[in-house]
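Notes follow the structure.
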Amino acid sequence: MNRLVTSGALMALLMGFGAAGQAQASDPPVLGAYTTSVECDAGNVTGVSACSAVGSAASVKTTPFVLLSATASAGEGNFADATADYDFLVSGGTAGDVVTVGFTTLMETDLTGGGSSHAQVVWFDSVKSSGFSICSSPLPEATACAHGGGIFSGTIDFSAVSGEVGHIHLDVDAGTGFGGSGTASLDPFMFVENDPNGIYSLQLSDGVPNAVGGVPEASTWALMLVGFGLAGASLRRRRAGLPATS
């Protein structure tokens, strides 16, 4: 039951932050609002930052860093999903400079039996889009995850344009399928790469703490590693609590 953002959905998201992208050249760039959503299908429960029902749970946390998680177990057809959307803006240098932005993240998916799970990052601006996803699934949909399944821990590089608003879409989901279980989590952190002199700065929508202007300092990396460790520990606890399947 993995769900990838299709080209049509990407266009809809682009239109969603179009108020910033369509600003006149003379107007200062405006970042759109940070939005989150969660869904727990087992009980038809939806919310902004967390939901839970028998057999499914999902949450989006922002303190101390953004962390998305989804868990589904106990029965057939249970499903959980969490999403977050926010804008980003690279400033400094000359408007139009192409800047490399690093997206350091821990993405984990796991399943038992016929369950499935999926984690995805999509970034785009007004003219281009790209994404990165991992899956754990016994179903054919897993082939859509070019980066495989299980776990990814590292930095994804993408290009941004100084002075131009871009957008980030995060999504994790998990399903039980025909009686299995699934878990997924995603913990992102953004920074400008190859900028030792601090020429550029990175701004995210209000309420999103996951960014620094240049290459992270040692103390920042330490905080990130702590965040990754907490995310991994949380996932391991969820795995330990999942029921065994025959």
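Simple scheme: letters A, B, ... for chains in structure tokens order, numbers from 1 for residues in each chain, numbers from 1 for ligands in the order shown.
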
* Hey, what's within 6 Å of stretch 161-167 of chain A if we count only C-alpha atoms and toss same-chain stuff fewer than 4 positions away? As a VMD selection string, please? -> chain A and resid 86 to 91 95 to 99 123 to 125

Keeping N, CA, C and O atoms, export the residues of the selection given above as a compact mmCIF listing (two decimals), in the first residue's frame.
# COMPACT_ATOMS: atom_id res chain seq x y z
N TYR A 86 7.07 21.96 3.76
CA TYR A 86 7.57 23.28 4.10
C TYR A 86 8.42 23.84 2.97
O TYR A 86 8.90 23.10 2.11
N ASP A 87 8.58 25.16 2.97
CA ASP A 87 9.38 25.84 1.96
C ASP A 87 10.79 26.06 2.48
O ASP A 87 11.05 26.04 3.68
N PHE A 88 11.73 26.29 1.54
CA PHE A 88 13.09 26.66 1.91
C PHE A 88 13.58 27.76 0.98
O PHE A 88 13.11 27.89 -0.16
N LEU A 89 14.52 28.54 1.47
CA LEU A 89 15.07 29.66 0.69
C LEU A 89 16.55 29.79 0.99
O LEU A 89 16.95 29.94 2.14
N VAL A 90 17.37 29.73 -0.07
CA VAL A 90 18.80 30.01 0.05
C VAL A 90 19.02 31.47 -0.31
O VAL A 90 18.58 31.93 -1.37
N SER A 91 19.68 32.21 0.58
CA SER A 91 19.96 33.62 0.36
C SER A 91 21.47 33.85 0.37
O SER A 91 22.23 33.05 0.93
N ALA A 95 21.82 36.65 -6.72
CA ALA A 95 20.55 36.00 -7.04
C ALA A 95 20.71 35.18 -8.32
O ALA A 95 21.24 35.65 -9.32
N GLY A 96 20.26 33.93 -8.25
CA GLY A 96 20.38 33.05 -9.40
C GLY A 96 21.54 32.07 -9.28
O GLY A 96 21.65 31.14 -10.09
N ASP A 97 22.41 32.26 -8.26
CA ASP A 97 23.49 31.30 -8.03
C ASP A 97 22.90 29.91 -7.79
O ASP A 97 21.92 29.76 -7.05
N VAL A 98 23.51 28.90 -8.39
CA VAL A 98 23.11 27.52 -8.12
C VAL A 98 23.93 27.01 -6.94
O VAL A 98 25.16 27.02 -6.97
N VAL A 99 23.25 26.61 -5.89
CA VAL A 99 23.88 26.23 -4.63
C VAL A 99 23.53 24.78 -4.31
O VAL A 99 22.40 24.34 -4.53
N TRP A 123 11.87 17.08 -3.22
CA TRP A 123 12.17 18.50 -3.21
C TRP A 123 11.97 19.06 -4.61
O TRP A 123 12.23 18.40 -5.60
N PHE A 124 11.48 20.28 -4.71
CA PHE A 124 11.24 20.85 -6.02
C PHE A 124 11.10 22.36 -5.94
O PHE A 124 10.85 22.94 -4.87
N ASP A 125 11.29 23.01 -7.09
CA ASP A 125 11.02 24.42 -7.23
C ASP A 125 10.07 24.57 -8.42
O ASP A 125 9.43 23.61 -8.83

* To do: May I have the residues within 6 Å of stretch 176-189 of chain A as a list in words, using only C-alpha atoms and disregarding those fewer than 6 positions away in the same chain?
  => Leu67, Leu68, Ser69, Ala70, Thr71, Ala72, Ser73, Gly75, Glu76, Gly77, Asn78, Phe103, Thr104, Thr105, Leu106, Met107, Glu108, Thr109, Asp110, Leu111, Thr112, Gly113, Gly114, Gly115, Ser116, Ser117, Asn210 and Ala211 of chain A

Take the residues that were just selected and, keeping N, CA, C and O atoms, output them as a compact mmCIF listing (two decimals), in the first residue's frame.
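The result, stored in again-v3.txt:
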# COMPACT_ATOMS: atom_id res chain seq x y z
N LEU A 67 10.66 14.85 12.95
CA LEU A 67 10.71 13.40 12.91
C LEU A 67 9.33 12.87 12.54
O LEU A 67 8.36 13.16 13.22
N LEU A 68 9.24 12.12 11.46
CA LEU A 68 8.00 11.50 11.03
C LEU A 68 8.07 10.01 11.30
O LEU A 68 9.10 9.38 11.08
N SER A 69 6.96 9.43 11.76
CA SER A 69 6.93 7.99 12.01
C SER A 69 5.54 7.45 11.75
O SER A 69 4.53 8.15 11.92
N ALA A 70 5.48 6.19 11.32
CA ALA A 70 4.21 5.50 11.09
C ALA A 70 4.38 4.04 11.43
O ALA A 70 5.41 3.43 11.12
N THR A 71 3.38 3.46 12.08
CA THR A 71 3.40 2.06 12.48
C THR A 71 2.03 1.43 12.23
O THR A 71 1.01 2.05 12.53
N ALA A 72 2.02 0.25 11.65
CA ALA A 72 0.77 -0.48 11.45
C ALA A 72 0.98 -1.94 11.85
O ALA A 72 2.00 -2.54 11.50
N SER A 73 0.03 -2.51 12.59
CA SER A 73 0.14 -3.90 13.04
C SER A 73 -1.26 -4.39 13.41
O SER A 73 -2.25 -3.67 13.29
N GLY A 75 -3.73 -7.08 12.54
CA GLY A 75 -4.89 -7.24 11.68
C GLY A 75 -4.61 -6.93 10.23
O GLY A 75 -3.51 -6.51 9.86
N GLU A 76 -5.62 -7.13 9.39
CA GLU A 76 -5.48 -6.88 7.97
C GLU A 76 -6.01 -5.50 7.60
O GLU A 76 -6.99 -5.03 8.16
N GLY A 77 -5.33 -4.86 6.65
CA GLY A 77 -5.83 -3.61 6.09
C GLY A 77 -5.58 -2.37 6.92
O GLY A 77 -6.05 -1.28 6.57
N ASN A 78 -4.84 -2.47 8.03
CA ASN A 78 -4.53 -1.29 8.82
C ASN A 78 -3.45 -0.46 8.13
O ASN A 78 -2.54 -1.01 7.51
N PHE A 103 20.91 17.31 2.36
CA PHE A 103 19.74 16.87 3.12
C PHE A 103 20.16 15.59 3.84
O PHE A 103 20.13 14.50 3.28
N THR A 104 20.64 15.77 5.08
CA THR A 104 21.10 14.63 5.87
C THR A 104 19.90 13.99 6.57
O THR A 104 19.12 14.67 7.23
N THR A 105 19.76 12.69 6.40
CA THR A 105 18.57 12.06 6.95
C THR A 105 18.82 10.61 7.34
O THR A 105 19.69 9.94 6.78
N LEU A 106 18.06 10.17 8.31
CA LEU A 106 17.97 8.76 8.66
C LEU A 106 16.58 8.30 8.24
O LEU A 106 15.57 8.83 8.72
N MET A 107 16.51 7.36 7.31
CA MET A 107 15.24 6.81 6.84
C MET A 107 15.25 5.32 7.11
O MET A 107 16.19 4.62 6.72
N GLU A 108 14.23 4.82 7.78
CA GLU A 108 14.16 3.40 8.11
C GLU A 108 12.78 2.84 7.78
O GLU A 108 11.76 3.49 8.04
N THR A 109 12.76 1.65 7.21
CA THR A 109 11.50 0.93 6.99
C THR A 109 11.70 -0.52 7.41
O THR A 109 12.79 -1.07 7.33
N ASP A 110 10.62 -1.13 7.86
CA ASP A 110 10.71 -2.52 8.32
C ASP A 110 9.34 -3.16 8.14
O ASP A 110 8.31 -2.47 8.11
N LEU A 111 9.32 -4.48 8.00
CA LEU A 111 8.05 -5.18 7.85
C LEU A 111 8.16 -6.60 8.37
O LEU A 111 9.25 -7.14 8.54
N THR A 112 7.01 -7.21 8.63
CA THR A 112 6.91 -8.64 8.88
C THR A 112 5.75 -9.16 8.06
O THR A 112 4.80 -8.41 7.74
N GLY A 113 5.79 -10.44 7.72
CA GLY A 113 4.69 -11.04 6.98
C GLY A 113 4.36 -10.29 5.71
O GLY A 113 5.23 -9.94 4.92
N GLY A 114 3.11 -10.00 5.51
CA GLY A 114 2.66 -9.31 4.30
C GLY A 114 2.57 -7.82 4.44
O GLY A 114 1.94 -7.14 3.62
N GLY A 115 3.19 -7.26 5.49
CA GLY A 115 3.12 -5.82 5.69
C GLY A 115 3.98 -5.06 4.70
O GLY A 115 4.69 -5.63 3.88
N SER A 116 3.94 -3.73 4.78
CA SER A 116 4.75 -2.89 3.90
C SER A 116 5.02 -1.56 4.57
O SER A 116 4.31 -1.15 5.49
N SER A 117 6.06 -0.88 4.12
CA SER A 117 6.36 0.45 4.66
C SER A 117 7.16 1.23 3.62
O SER A 117 7.80 0.66 2.73
N ASN A 210 14.96 22.42 11.30
CA ASN A 210 15.96 21.51 10.72
C ASN A 210 16.86 22.15 9.68
O ASN A 210 16.95 21.68 8.55
N ALA A 211 17.55 23.23 10.01
CA ALA A 211 18.45 23.83 9.03
C ALA A 211 19.51 24.68 9.71
O ALA A 211 19.29 25.28 10.76

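Atom CA of A:Gly131 to atom CA of A:Phe158 spans 9.4 Å [interatomic distance, one decimal].
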
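Near A:Ser49, within 7 Å and counting only C-alpha atoms, sit Thr36, Ser37, Val38, Ser59, Val60 and Lys61 of chain A; same-chain residues fewer than 6 positions away were not included.
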
* Using only C-alpha atoms, pick whichever of A:Thr83, A:Cys40, A:Val54, A:Val30 has the shortest atom-to-atom distance to A:Val172. => A:Thr83

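Coordinates place atom CA of A:Ala84 at a distance of 6.0 Å from atom CA of A:His169.
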
* If you run DSSP over the backbone, which residues in stretch 32-226 of chain A end up strand (DSSP E or B)? Put them as a ChimeraX atom specification. => /A:35-40,45-47,50-53,56-61,67-72,79-91,98-112,116-124,129-136,151-161,165-175,181-192,201-204,211-212
